[in-house]
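Peer 1: Quick one: this structure, given as structure tokens, is what I'll be asking you about.
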Amino acid sequence: MRKSLTILCLVLAGAATGAQTDRVDREAGGDRFSAGGTVTVSTPVTADLLAAGGNIEVDTRVGGDILAVGGNVRIKGDVDAGVLAGGGQLSLNARVKRSVA
């Protein structure tokens with residue numbers, strides 16, 4: 001998890017620099033890292049998903065955990081592990097195999 005958090009920090013730093021786009025996506029070892037104003041995840045994630053943004057929408061299956069922080073977080077795809085989410089508005093309409101916090 002420490003390596004995942006390090007990569008997420010690098011992704012967030014890339015988004016904060018005002019790069020050419022307002023969204024940054026990276027994959028490493030099956031994990032997906034996404035950050036930006038609007039983050040939409042519609043292709044399946046084989047491992048963990050770490051996302052940060054103003055609006056986050058996950059409408060596909062995630063093979064591991066989800067860590068999501070944003071203004072609006074909507075999770076509509078099944079999760080094979082757990083969910084840790086924080087935000088102004090949270091919506092969960094999915095099957096989660098482990099815990100939700």
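Within each chain, counting starts at residue 1; across the structure tokens, chains are named A, B, ... in the order shown, with ligands numbered 1 upward in that order.
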For A:Ala47, list every protein, DNA or RNA residue within 12 Å, evaluated using only C-alpha atoms, and leave out those in the same chain fewer than 6 positions away; present the list as a PyMOL selection string.
Peer 2: chain A and resi 1+4+27-33+61-67+79-82
Peer 1: Separation of atom CA of A:Thr40 and atom CA of A:Asn55, in Å?
Peer 2: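 For atom CA of A:Thr40 relative to atom CA of A:Asn55, the distance reads 8.1 Å.
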Peer 1: Residues at most 12 Å from A:Val41, counting only C-alpha atoms, excluding those fewer than 6 positions away in the same chain, as a ChimeraX atom specification?
Peer 2: /A:23,25,32-35,49-52,55-62,66,68,73-77
Peer 1: Let's see if you can do this: from backbone DSSP, list all strand (DSSP E) residues in stretch 5-94 of chain A, as number ranges by chain.
Peer 2: A: 23-28, 31-41, 49-58, 66-75, 83-92
Peer 1: Can you work out the spacing between atom CA of A:Thr38 and atom CA of A:Gly70 in Å, to one decimal?
Peer 2: 9.3 Å
Peer 1: Enter the distance from atom CA of A:Gly37 to atom CA of A:Leu84, in Å, rounded to one decimal.
Peer 2: 19.5 Å
